[in-house]
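See below for protein13.cif, which holds mmCIF, C-alpha atoms and all ligand atoms.
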data_input
#
loop_
_atom_site.label_atom_id
_atom_site.label_comp_id
_atom_site.auth_asym_id
_atom_site.auth_seq_id
_atom_site.Cartn_x
_atom_site.Cartn_y
_atom_site.Cartn_z
CA MET N 3 135.23 97.13 144.71
CA THR N 4 135.15 96.33 140.96
CA THR N 5 138.23 94.50 139.71
CA ILE N 6 139.40 95.69 136.29
CA THR N 7 142.39 95.19 133.98
CA ILE N 8 144.86 97.93 133.12
CA GLN N 9 143.53 97.93 129.55
CA GLN N 10 140.09 98.90 130.91
CA ALA N 11 141.45 101.62 133.25
CA GLY N 12 140.61 104.48 130.86
CA LYS N 13 136.91 103.76 131.29
CA HIS N 14 137.06 104.14 135.09
CA GLU N 15 138.46 107.65 135.51
CA GLY N 16 137.73 109.10 138.96
CA GLN N 17 136.55 105.75 140.37
CA GLU N 18 138.10 103.53 143.01
CA VAL N 19 138.86 100.12 141.48
CA THR N 20 141.06 97.09 142.17
CA LEU N 21 143.88 96.14 139.82
CA LYS N 22 145.71 92.84 140.16
CA GLY N 23 149.24 92.87 138.78
CA TRP N 24 152.96 92.78 139.31
CA LEU N 25 155.36 95.55 140.19
CA TYR N 26 157.33 96.10 137.00
CA ASN N 27 159.55 99.08 137.80
CA LEU N 28 160.06 101.54 140.63
CA ARG N 29 161.40 105.05 140.08
CA GLU N 30 162.41 107.23 143.01
CA SER N 31 161.96 110.98 143.05
CA GLY N 32 162.62 112.72 146.36
CA LYS N 33 160.42 111.07 148.96
CA LEU N 34 158.04 109.67 146.39
CA LEU N 35 158.12 106.38 144.60
CA PHE N 36 156.57 105.90 141.18
CA PRO N 37 155.81 102.20 140.79
CA ILE N 38 154.83 100.94 137.38
CA PHE N 39 152.52 97.92 137.44
CA ARG N 40 151.75 95.41 134.73
CA ASP N 41 148.95 92.84 134.56
CA GLY N 42 149.43 91.21 131.16
CA THR N 43 147.09 93.65 129.41
CA GLY N 44 149.26 96.76 129.81
CA THR N 45 151.25 98.91 132.25
CA ILE N 46 150.15 101.71 134.56
CA GLN N 47 152.04 104.10 136.83
CA GLY N 48 151.16 104.72 140.46
CA VAL N 49 152.48 107.01 143.24
CA CYS N 50 153.43 105.94 146.78
CA SER N 51 156.06 106.27 149.46
CA LEU N 52 156.93 102.65 150.12
CA LYS N 53 160.39 101.37 149.29
CA GLU N 54 160.77 97.89 147.85
CA ASN N 55 162.36 96.61 144.61
CA PRO N 56 163.58 92.94 144.25
CA PHE N 57 163.34 92.35 140.59
CA PRO N 58 166.46 91.78 138.39
CA ILE N 59 165.18 93.24 135.10
CA GLN N 60 165.11 97.04 135.14
CA LEU N 61 164.05 99.64 132.61
CA LYS N 62 167.74 100.40 131.93
CA GLU N 63 169.78 98.83 129.12
CA HIS N 64 170.88 95.26 129.78
CA GLY N 65 173.35 93.19 127.76
CA VAL N 66 171.77 90.58 125.52
CA ASP N 67 173.43 87.61 127.28
CA PHE N 68 172.05 88.79 130.61
CA LEU N 69 168.58 89.13 129.09
CA LEU N 70 168.75 85.68 127.47
CA ASP N 71 169.93 84.09 130.76
CA ASN N 72 166.89 85.71 132.36
CA ARG N 73 164.49 85.00 129.51
CA HIS N 74 161.93 83.61 131.99
CA LEU N 75 161.76 87.13 133.53
CA TRP N 76 162.55 89.16 130.40
CA ILE N 77 159.22 88.03 128.85
CA ARG N 78 157.46 90.13 131.52
CA THR N 79 158.53 93.41 129.92
CA PRO N 80 155.97 95.18 127.69
CA ARG N 81 158.09 94.90 124.55
CA GLN N 82 158.45 91.14 124.86
CA ALA N 83 154.78 90.73 125.78
CA SER N 84 153.80 92.73 122.65
CA ILE N 85 155.97 90.48 120.47
CA LEU N 86 154.44 87.31 121.92
CA ARG N 87 150.92 88.66 121.38
CA ILE N 88 151.76 89.42 117.75
CA ARG N 89 153.14 85.88 117.41
CA ALA N 90 149.84 84.50 118.72
CA GLU N 91 147.87 86.62 116.26
CA ALA N 92 150.11 85.49 113.38
CA ILE N 93 149.33 81.86 114.25
CA ARG N 94 145.60 82.57 114.62
CA ALA N 95 145.39 84.42 111.30
CA ALA N 96 147.49 81.78 109.50
CA ARG N 97 145.27 78.94 110.68
CA GLU N 98 142.10 80.86 109.88
CA TYR N 99 143.36 81.47 106.35
CA MET N 100 144.44 77.87 105.74
CA ASP N 101 141.14 76.55 107.09
CA SER N 102 139.22 78.99 104.85
CA GLN N 103 141.06 77.62 101.81
CA GLY N 104 139.89 74.07 102.54
CA TYR N 105 143.15 72.79 104.06
CA THR N 106 142.87 70.31 106.96
CA LEU N 107 145.23 70.75 109.92
CA THR N 108 147.12 67.57 110.67
CA ASP N 109 150.39 66.63 112.39
CA ALA N 110 153.75 65.15 111.41
CA PRO N 111 155.97 63.21 113.85
CA MET N 112 158.99 64.78 115.58
CA PHE N 113 161.11 61.57 115.57
CA THR N 114 161.97 60.56 112.03
CA PRO N 115 164.03 57.76 110.44
CA ALA N 116 165.69 59.96 107.76
CA ALA N 117 166.59 63.46 106.57
CA CYS N 118 164.23 65.77 104.66
CA GLU N 119 166.39 68.85 104.08
CA GLY N 120 169.90 67.45 103.65
CA THR N 121 172.04 65.56 106.14
CA SER N 122 174.25 68.41 107.37
CA THR N 123 171.74 69.86 109.87
CA LEU N 124 170.33 66.65 111.35
CA PHE N 125 169.97 66.21 115.11
CA GLU N 126 170.61 62.56 115.87
CA VAL N 127 168.69 61.04 118.77
CA ASN N 128 169.58 57.87 120.63
CA TYR N 129 166.20 56.20 120.32
CA ILE N 130 165.06 53.17 122.38
CA ASP N 131 167.46 50.17 122.36
CA ASP N 132 170.14 52.09 120.47
CA GLN N 133 168.07 52.62 117.36
CA LYS N 134 169.02 55.77 115.56
CA ALA N 135 166.39 58.45 114.96
CA TYR N 136 166.48 62.13 114.00
CA LEU N 137 164.52 65.17 115.09
CA THR N 138 162.39 66.32 112.18
CA GLN N 139 163.74 69.07 109.91
CA SER N 140 160.35 69.50 108.23
CA GLY N 141 156.99 67.75 108.29
CA GLN N 142 156.84 67.78 104.50
CA LEU N 143 157.35 64.11 103.63
CA TYR N 144 154.56 63.14 106.02
CA GLY N 145 152.51 66.05 104.71
CA GLU N 146 152.77 64.50 101.24
CA ALA N 147 151.40 61.18 102.54
CA LEU N 148 148.55 63.04 104.28
CA ALA N 149 147.78 65.09 101.13
CA MET N 150 147.40 61.85 99.18
CA ALA N 151 144.85 60.81 101.82
CA LEU N 152 142.99 64.10 102.46
CA GLY N 153 143.71 66.22 99.37
CA LYS N 154 144.76 69.52 101.00
CA ILE N 155 146.46 69.55 104.39
CA TYR N 156 148.83 71.62 106.49
CA THR N 157 151.03 70.75 109.40
CA PHE N 158 152.13 73.26 112.01
CA GLY N 159 154.73 72.39 114.60
CA PRO N 160 158.31 72.67 115.77
CA THR N 161 161.15 71.66 113.46
CA PHE N 162 164.83 71.23 114.23
CA ARG N 163 168.05 72.06 112.44
CA ALA N 164 171.54 71.64 113.83
CA GLU N 165 172.46 75.03 112.37
CA LYS N 166 176.10 75.76 113.06
CA SER N 167 175.64 79.31 111.79
CA LYS N 168 175.30 82.10 114.32
CA THR N 169 173.13 84.58 112.45
CA ARG N 170 170.16 86.76 113.35
CA ARG N 171 167.94 84.50 111.20
CA HIS N 172 168.75 81.04 112.55
CA LEU N 173 167.32 79.04 115.42
CA THR N 174 167.95 75.34 116.05
CA GLU N 175 164.27 74.89 116.99
CA PHE N 176 161.67 76.87 115.07
CA TRP N 177 158.00 76.55 114.08
CA MET N 178 156.94 75.87 110.54
CA LEU N 179 153.53 75.91 108.87
CA GLU N 180 153.59 73.51 105.92
CA PRO N 181 150.72 73.21 103.43
CA GLU N 182 150.74 70.29 100.98
CA ALA N 183 148.14 69.74 98.26
CA ALA N 184 147.40 67.12 95.61
CA TYR N 185 146.90 68.35 92.03
CA VAL N 186 148.42 71.75 92.92
CA GLU N 187 151.33 72.92 90.77
CA LEU N 188 153.97 75.62 91.25
CA ASP N 189 151.93 78.74 90.37
CA GLU N 190 149.05 77.77 92.62
CA ALA N 191 151.44 77.05 95.49
CA MET N 192 152.99 80.51 95.09
CA ALA N 193 149.53 82.13 95.10
CA LEU N 194 148.70 80.26 98.31
CA GLY N 195 151.89 81.55 99.95
CA GLU N 196 151.01 85.08 98.85
CA GLY N 197 147.50 84.77 100.32
CA LEU N 198 148.80 83.28 103.57
CA VAL N 199 151.39 86.00 104.20
CA THR N 200 148.85 88.70 103.33
CA ALA N 201 146.35 87.21 105.81
CA ILE N 202 148.97 87.10 108.58
CA VAL N 203 150.16 90.69 108.07
CA GLN N 204 146.64 92.11 107.70
CA GLY N 205 145.51 90.14 110.78
CA VAL N 206 148.27 91.67 112.90
CA LEU N 207 147.54 95.18 111.56
CA LYS N 208 143.86 94.81 112.37
CA ASN N 209 144.02 93.03 115.72
CA LYS N 210 147.34 94.09 117.29
CA PRO N 211 147.76 97.82 116.50
CA ARG N 212 148.67 98.69 120.12
CA GLU N 213 151.40 96.07 120.14
CA LEU N 214 152.87 97.32 116.85
CA GLU N 215 152.84 100.82 118.29
CA ALA N 216 154.58 99.62 121.47
CA LEU N 217 157.32 98.20 119.24
CA LYS N 218 157.46 101.51 117.33
CA ARG N 219 156.88 99.53 114.15
CA ASP N 220 156.05 101.68 111.14
CA ALA N 221 152.66 100.21 110.11
CA LYS N 222 152.91 101.85 106.66
CA ARG N 223 155.60 99.35 105.73
CA LEU N 224 153.14 96.54 106.42
CA GLU N 225 149.94 98.08 105.03
CA CYS N 226 151.15 97.61 101.44
CA VAL N 227 151.56 93.84 101.94
CA LYS N 228 148.77 92.79 99.57
CA PRO N 229 148.64 90.76 96.33
CA PRO N 230 150.07 90.76 93.80
CA PHE N 231 153.56 90.12 95.15
CA PRO N 232 156.26 90.48 92.50
CA ARG N 233 157.47 87.20 90.95
CA ILE N 234 160.95 86.91 89.44
CA SER N 235 162.92 83.91 88.24
CA TYR N 236 166.22 82.88 89.84
CA GLU N 237 167.98 84.04 86.67
CA GLU N 238 166.29 87.46 86.88
CA ALA N 239 167.39 87.62 90.53
CA VAL N 240 171.00 86.96 89.49
CA ALA N 241 170.69 89.86 87.01
CA VAL N 242 169.36 92.13 89.81
CA LEU N 243 172.39 91.17 91.92
CA ASN N 244 174.84 91.87 89.08
CA LYS N 245 173.22 95.27 88.47
CA ASN N 246 173.81 96.07 92.15
CA GLY N 247 177.50 95.18 92.03
CA ASN N 248 177.18 91.61 93.40
CA ALA N 249 179.15 89.06 91.33
CA ALA N 250 176.66 86.17 91.69
CA LYS N 251 176.48 83.77 88.72
CA PHE N 252 174.16 80.91 87.68
CA GLY N 253 174.48 78.03 90.15
CA ASP N 254 175.33 80.19 93.20
CA ASP N 255 173.10 79.95 96.24
CA PHE N 256 171.83 83.18 97.78
CA GLY N 257 172.97 84.04 101.30
CA GLY N 258 171.59 86.73 103.59
CA ASP N 259 173.41 89.53 101.74
CA GLU N 260 172.05 88.49 98.35
CA GLU N 261 168.51 88.12 99.70
CA THR N 262 168.70 91.63 101.15
CA ILE N 263 169.80 93.12 97.81
CA ILE N 264 167.04 91.31 95.88
CA SER N 265 164.25 92.13 98.33
CA SER N 266 165.20 95.79 98.74
CA SER N 267 163.97 96.50 95.20
CA PHE N 268 160.39 95.82 96.39
CA ASP N 269 157.99 97.22 99.00
CA ARG N 270 156.38 93.82 99.66
CA PRO N 271 157.60 90.21 99.72
CA VAL N 272 159.03 88.90 96.44
CA LEU N 273 158.65 85.36 95.06
CA VAL N 274 161.80 83.98 93.44
CA HIS N 275 161.14 80.84 91.39
CA ARG N 276 162.97 78.20 89.35
CA TYR N 277 166.27 77.76 91.18
CA PRO N 278 168.99 75.50 89.75
CA THR N 279 168.18 71.87 90.60
CA SER N 280 171.72 71.44 91.95
CA LEU N 281 170.99 73.87 94.82
CA LYS N 282 167.79 72.30 95.99
CA ALA N 283 166.42 69.28 97.87
CA PHE N 284 166.10 65.79 96.32
CA TYR N 285 162.29 65.82 96.08
CA MET N 286 161.85 68.85 93.81
CA GLN N 287 160.22 68.47 90.40
CA PRO N 288 162.41 69.61 87.48
CA ASP N 289 160.97 72.17 85.03
CA PRO N 290 159.91 70.09 81.98
CA GLN N 291 161.16 72.87 79.64
CA ARG N 292 164.53 73.17 81.39
CA PRO N 293 165.36 70.20 83.66
CA GLU N 294 168.41 72.02 85.10
CA LEU N 295 165.86 74.23 86.92
CA ALA N 296 163.63 73.06 89.77
CA LEU N 297 159.96 74.07 90.05
CA ALA N 298 160.87 75.64 93.41
CA PHE N 299 160.24 79.01 94.97
CA ASP N 300 161.34 81.08 97.93
CA MET N 301 159.51 84.09 99.33
CA LEU N 302 161.86 86.84 100.52
CA ALA N 303 160.55 89.37 103.04
CA PRO N 304 161.30 93.10 102.63
CA GLU N 305 163.70 95.13 104.80
CA GLY N 306 166.41 92.46 104.84
CA TYR N 307 164.48 89.75 106.73
CA GLY N 308 165.33 87.14 104.11
CA GLU N 309 163.60 83.89 103.19
CA ILE N 310 160.30 83.37 105.02
CA ILE N 311 158.94 80.63 102.73
CA GLY N 312 160.63 77.79 100.85
CA GLY N 313 158.59 75.45 98.69
CA SER N 314 158.23 73.52 95.44
CA GLN N 315 156.32 71.15 93.24
CA ARG N 316 157.33 67.57 94.19
CA ILE N 317 158.58 64.76 91.97
CA HIS N 318 155.62 62.44 91.36
CA ASP N 319 157.46 59.97 89.09
CA TYR N 320 158.79 56.86 90.87
CA ASP N 321 161.92 56.28 88.75
CA LEU N 322 163.05 59.89 88.86
CA LEU N 323 162.63 60.00 92.65
CA VAL N 324 164.73 56.84 93.13
CA LYS N 325 167.43 58.37 90.91
CA ARG N 326 167.44 61.55 92.99
CA LEU N 327 167.68 59.65 96.30
CA HIS N 328 170.83 57.98 94.97
CA GLU N 329 172.31 61.24 93.67
CA HIS N 330 171.82 62.74 97.15
CA ASN N 331 173.31 59.66 98.87
CA LEU N 332 170.11 59.08 100.85
CA PRO N 333 169.31 55.54 102.14
CA GLU N 334 166.61 54.07 99.90
CA GLU N 335 165.36 51.68 102.65
CA ALA N 336 164.38 54.54 104.95
CA PHE N 337 162.31 56.09 102.13
CA GLN N 338 160.30 53.01 101.10
CA TRP N 339 157.09 54.40 102.57
CA TYR N 340 157.74 57.69 100.73
CA LEU N 341 158.30 55.81 97.48
CA ASP N 342 154.97 54.02 98.06
CA LEU N 343 153.30 57.41 97.53
CA ARG N 344 154.65 57.20 93.94
CA ARG N 345 153.81 53.50 93.58
CA TYR N 346 150.13 53.92 94.44
CA GLY N 347 148.01 56.72 92.97
CA SER N 348 150.78 59.25 92.45
CA VAL N 349 149.63 62.72 91.24
CA PRO N 350 151.37 66.09 90.82
CA HIS N 351 151.47 67.93 94.14
CA SER N 352 153.13 70.91 95.78
CA GLY N 353 153.69 72.55 99.11
CA PHE N 354 155.86 74.90 101.09
CA GLY N 355 157.08 75.75 104.57
CA LEU N 356 156.54 79.14 106.19
CA GLY N 357 159.02 79.89 108.98
CA LEU N 358 156.94 81.41 111.77
CA GLU N 359 159.78 83.19 113.59
CA ARG N 360 161.26 84.75 110.43
CA THR N 361 157.79 86.02 109.53
CA VAL N 362 157.06 87.41 112.99
CA ALA N 363 160.55 88.99 113.26
CA TRP N 364 159.86 90.87 110.03
CA ILE N 365 156.36 91.96 111.10
CA CYS N 366 157.67 93.15 114.49
CA GLY N 367 160.83 94.68 113.00
CA THR N 368 163.07 92.98 115.59
CA GLU N 369 166.79 92.96 115.05
CA HIS N 370 167.15 89.25 115.82
CA ILE N 371 164.85 86.25 115.48
CA ARG N 372 165.56 85.17 119.11
CA GLU N 373 163.09 87.73 120.51
CA VAL N 374 160.04 86.27 118.74
CA ILE N 375 159.98 82.77 120.28
CA PRO N 376 159.29 82.41 124.01
CA PHE N 377 162.42 80.35 124.78
CA PRO N 378 164.91 80.50 121.88
CA ARG N 379 167.19 77.56 121.09
CA MET N 380 170.36 78.52 119.28
CA ILE N 381 173.82 77.16 118.60
CA TYR N 382 175.11 78.02 122.11
CA ARG N 383 171.85 78.29 124.06
CA VAL N 384 169.45 75.75 125.53
CA TYR N 385 168.94 77.58 128.89
CA PRO N 386 166.51 78.51 130.44
O1 LIG N 401 163.40 76.30 102.97
P1 LIG N 401 163.22 75.24 104.02
O2 LIG N 401 164.41 74.48 104.45
O3 LIG N 401 162.11 74.27 103.41
C1 LIG N 401 161.69 73.10 103.94
O4 LIG N 401 162.00 72.64 105.01
C2 LIG N 401 160.64 72.42 103.13
N1 LIG N 401 160.66 70.97 103.40
C3 LIG N 401 159.30 73.03 103.46
C4 LIG N 401 158.19 72.47 102.63
O5 LIG N 401 158.22 72.56 101.42
N2 LIG N 401 157.18 71.89 103.28
O6 LIG N 401 162.54 75.88 105.31
C5 LIG N 401 161.30 76.55 105.20
C6 LIG N 401 161.33 77.84 105.99
C7 LIG N 401 162.37 78.85 105.51
O7 LIG N 401 161.90 79.59 104.43
C8 LIG N 401 162.56 79.71 106.76
O8 LIG N 401 161.52 80.66 106.85
C9 LIG N 401 162.39 78.70 107.88
O9 LIG N 401 161.68 77.59 107.35
N3 LIG N 401 163.69 78.25 108.41
C10 LIG N 401 164.22 78.66 109.58
N4 LIG N 401 163.78 79.53 110.51
C11 LIG N 401 164.55 79.73 111.60
N5 LIG N 401 165.73 79.11 111.82
C12 LIG N 401 166.20 78.21 110.93
N6 LIG N 401 167.35 77.58 111.17
C13 LIG N 401 165.44 77.97 109.73
N7 LIG N 401 165.61 77.16 108.67
C14 LIG N 401 164.52 77.35 107.88
MG MG N 402 164.93 77.24 101.97
#
Can the structure in the file be given as structure tokens, please?
Amino acid sequence: MTTITIQQAGKHEGQEVTLKGWLYNLRESGKLLFPIFRDGTGTIQGVCSLKENPFPIQLKEHGVDFLLDNRHLWIRTPRQASILRIRAEAIRAAREYMDSQGYTLTDAPMFTPAACEGTSTLFEVNYIDDQKAYLTQSGQLYGEALAMALGKIYTFGPTFRAEKSKTRRHLTEFWMLEPEAAYVELDEAMALGEGLVTAIVQGVLKNKPRELEALKRDAKRLECVKPPFPRISYEEAVAVLNKNGNAAKFGDDFGGDEETIISSSFDRPVLVHRYPTSLKAFYMQPDPQRPELALAFDMLAPEGYGEIIGGSQRIHDYDLLVKRLHEHNLPEEAFQWYLDLRRYGSVPHSGFGLGLERTVAWICGTEHIREVIPFPRMIYRVYP
């Protein structure tokens, strides 16, 4: 007998075929049983009179802690499988786009000697013979070294933040795609981010329509994600907040609530640029016209999903970078190799980090970011 997948079943009406799959749910009605099977490509219902049902996850509502404790089984449900397929497509489309733009994929280390994104979210590791090391918060600093070698590169891998906040947008382990390019300045970096996010969204729309439908995601809200994305300055964003009754003033950082207000004025992601230098990381290039502003940008997703990209032009001047390391109380010794990039052949360069899970959560329309990574790590969860 021909063996087929559930996805192909429609083409075999009236024929006897073999399906290989798991029993996913069993509904009883009188003397009949209606088993639903799944095989990784879809689900299909059968009819029989046997009685057997061992499986803990049912089609009824379960509490979220129960589901997370059983994440290894929860991923077998069609909703979770759809999300993970969309995640895979997002990665495929992102890499295809970066490759098409002439960026070379390369890798940054996970063990690092120093912080990249501030010292408050560092995971310290007891490295061999009691040396101290940290799990990487971002591959950026290594990406800069690689860009000075290869011109245009991107890294893509897990990054770690000891986030004490319990929000629907924070994981302690998440995946980041980080382009870095020599001779690229702020505007070009923003355009690259715009192209990358467009490619990801359009890739999912084209290649995963069944999965979006399974999630009941309104595709219309994604179809409009095409250039040009609106661009507003930080100061214009503060004005938008004030107009909407939020009392933000110059120098305030934006939290989730502020990001939601700003992004809800637009039907596609918005690029917010030129944040106050005081709010941002040590490596960001100041605006030559107004040094109190950094040549930085964030991309905020629509529908309240918040910041999906953070990036900037980098300081390429040696003396200014040393000054900033001191202002941020960072140990100069640990950054000697990074300072070498400014000692030898330093040129203007820029890059950004795209948070994969934030992006996929927005595309899927999930309530919480924990559903879009196979095994989420959060403040109180490292099991299973
Ligand atoms: O804005 P962030 O902190 O930027 C950097 O790490 C830069 N060094 C990147 C670069 O320029 N190469 O983080 C970048 C993105 C955020 O916009 C967000 O999408 C995601 O990473 N992100 C998180 N996602 C999930 N959980 C967390 N705790 C996250 N923290 C940041
Ligand atoms: Mg950021």
Exercise for review: Can you work out the spacing between atom C14 of ligand LIG 401 (chain N) and CA of Ile263 (chain N) in Å, to one decimal?
Suggested key: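 Going from atom C14 of ligand LIG 401 (chain N) over to CA of Ile263 (chain N), I get 19.4 Å.
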Practice item. Using all atoms listed in the file, find all polymer residues with an atom at most 7 Å away from the point (142.2, 93.8, 127.5); report them as a list of chain:residue names. Key: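 Residues with an atom close enough to that point: N:Thr7, N:Gln9, N:Gln10, N:Thr43.
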Between chain N and ligand MG 402 (chain N), at 12 Å or less, what are the per-residue closest atom pairs and their distances in Å? Count all atoms listed in the file, order by chain and rising residue number, and return it as a tab-separated table.
residue	atom	partner	partner_atom	distance
N:Cys118	CA	N:MG402	MG	11.8
N:Glu119	CA	N:MG402	MG	8.8
N:Gly120	CA	N:MG402	MG	11.1
N:Gln139	CA	N:MG402	MG	11.5
N:Ser140	CA	N:MG402	MG	11.0
N:His172	CA	N:MG402	MG	11.9
N:Met178	CA	N:MG402	MG	11.8
N:Asp255	CA	N:MG402	MG	10.3
N:Phe256	CA	N:MG402	MG	10.0
N:Gly257	CA	N:MG402	MG	10.6
N:Gly258	CA	N:MG402	MG	11.7
N:Glu261	CA	N:MG402	MG	11.7
N:Val274	CA	N:MG402	MG	11.3
N:His275	CA	N:MG402	MG	11.8
N:Tyr277	CA	N:MG402	MG	10.9
N:Leu281	CA	N:MG402	MG	10.0
N:Lys282	CA	N:MG402	MG	8.3
N:Ala283	CA	N:MG402	MG	9.1
N:Ala298	CA	N:MG402	MG	9.6
N:Phe299	CA	N:MG402	MG	8.6
N:Asp300	CA	N:MG402	MG	6.6
N:Met301	CA	N:MG402	MG	9.1
N:Leu302	CA	N:MG402	MG	10.2
N:Gly308	CA	N:MG402	MG	10.1
N:Glu309	CA	N:MG402	MG	6.9
N:Ile310	CA	N:MG402	MG	8.3
N:Ile311	CA	N:MG402	MG	6.9
N:Gly312	CA	N:MG402	MG	4.5
N:Gly313	CA	N:MG402	MG	7.4
N:Ser314	CA	N:MG402	MG	10.1
N:Phe354	CA	N:MG402	MG	9.4
N:Gly355	CA	N:MG402	MG	8.4
N:Leu356	CA	N:MG402	MG	9.6
N:Gly357	CA	N:MG402	MG	9.5
N:Arg360	CA	N:MG402	MG	11.9
Would you compute, for all listed atoms of ligand LIG 401 (chain N), the axis-aligned bounding box grown by 5 Å on each side, and then report its centre and edge lengths in Å rounded to one decimal, as JSON?
{"center_x": 162.3, "center_y": 75.8, "center_z": 106.6, "size_x": 20.2, "size_y": 19.7, "size_z": 20.4}
Check your understanding: Quick one: of N:Val66, N:Ala151, N:Leu297, N:Cys366, who's nearest to ligand LIG 401 (chain N), counting only C-alpha atoms and all ligand atoms?
Key -> N:Leu297
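Using only C-alpha atoms and all ligand atoms, the smallest distance between any of N:Trp177, N:Tyr26, N:Phe377, N:Tyr320 and ligand LIG 401 (chain N) comes from N:Trp177.
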Practice item. Would you kindly return, as a PyMOL selection string, each protein, DNA or RNA residue with an atom no farther than 7 Å from any atom of region 238-254 of chain N, considering only C-alpha atoms and excluding same-chain residues fewer than 6 positions away? Key: chain N and resi 260+263-264+278
Take the residues from that selection and put them in a file with C-alpha atoms, as a PDB file, in the frame of the given file.
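What ended up in selection02.pdb:
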ATOM      1  CA  GLU N 260     172.050  88.490  98.350  1.00  0.00           C
ATOM      2  CA  ILE N 263     169.800  93.120  97.810  1.00  0.00           C
ATOM      3  CA  ILE N 264     167.040  91.310  95.880  1.00  0.00           C
ATOM      4  CA  PRO N 278     168.990  75.500  89.750  1.00  0.00           C
TER       5      PRO N 278
END
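If all atoms listed in the file are the atoms counted, then among N:Pro333, N:Pro304, N:Gly145, N:Pro386 the closest residue to Pro115 (chain N) is N:Pro333.
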Exercise for review: Rank N:Asp269, N:Glu165, N:Asp321, N:Glu305 by their smallest atom-to-atom distance to ligand LIG 401 (chain N), using all atoms listed in the file, and report the top residue only.
Suggested key: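 Ranked by minimum distance to ligand LIG 401 (chain N), first place goes to N:Glu165.
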Exercise for review: Compare N:Arg40, N:Lys33, N:Arg316, N:Arg94 by their minimum atom-to-atom distance to ligand LIG 401 (chain N), counting only C-alpha atoms and all ligand atoms, and give me the closest one.
Suggested key: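 When distances to ligand LIG 401 (chain N) are compared using only C-alpha atoms and all ligand atoms, the smallest one comes from N:Arg316.
Taking CA of Gly195 (chain N) and CA of Val374 (chain N) as the two end points, the separation is 21.0 Å.
With all atoms listed in the file as the basis for measurement, N:Glu175 is the residue among N:Glu175, N:Glu335, N:Glu237, N:Glu15 that approaches ligand LIG 401 (chain N) most closely.
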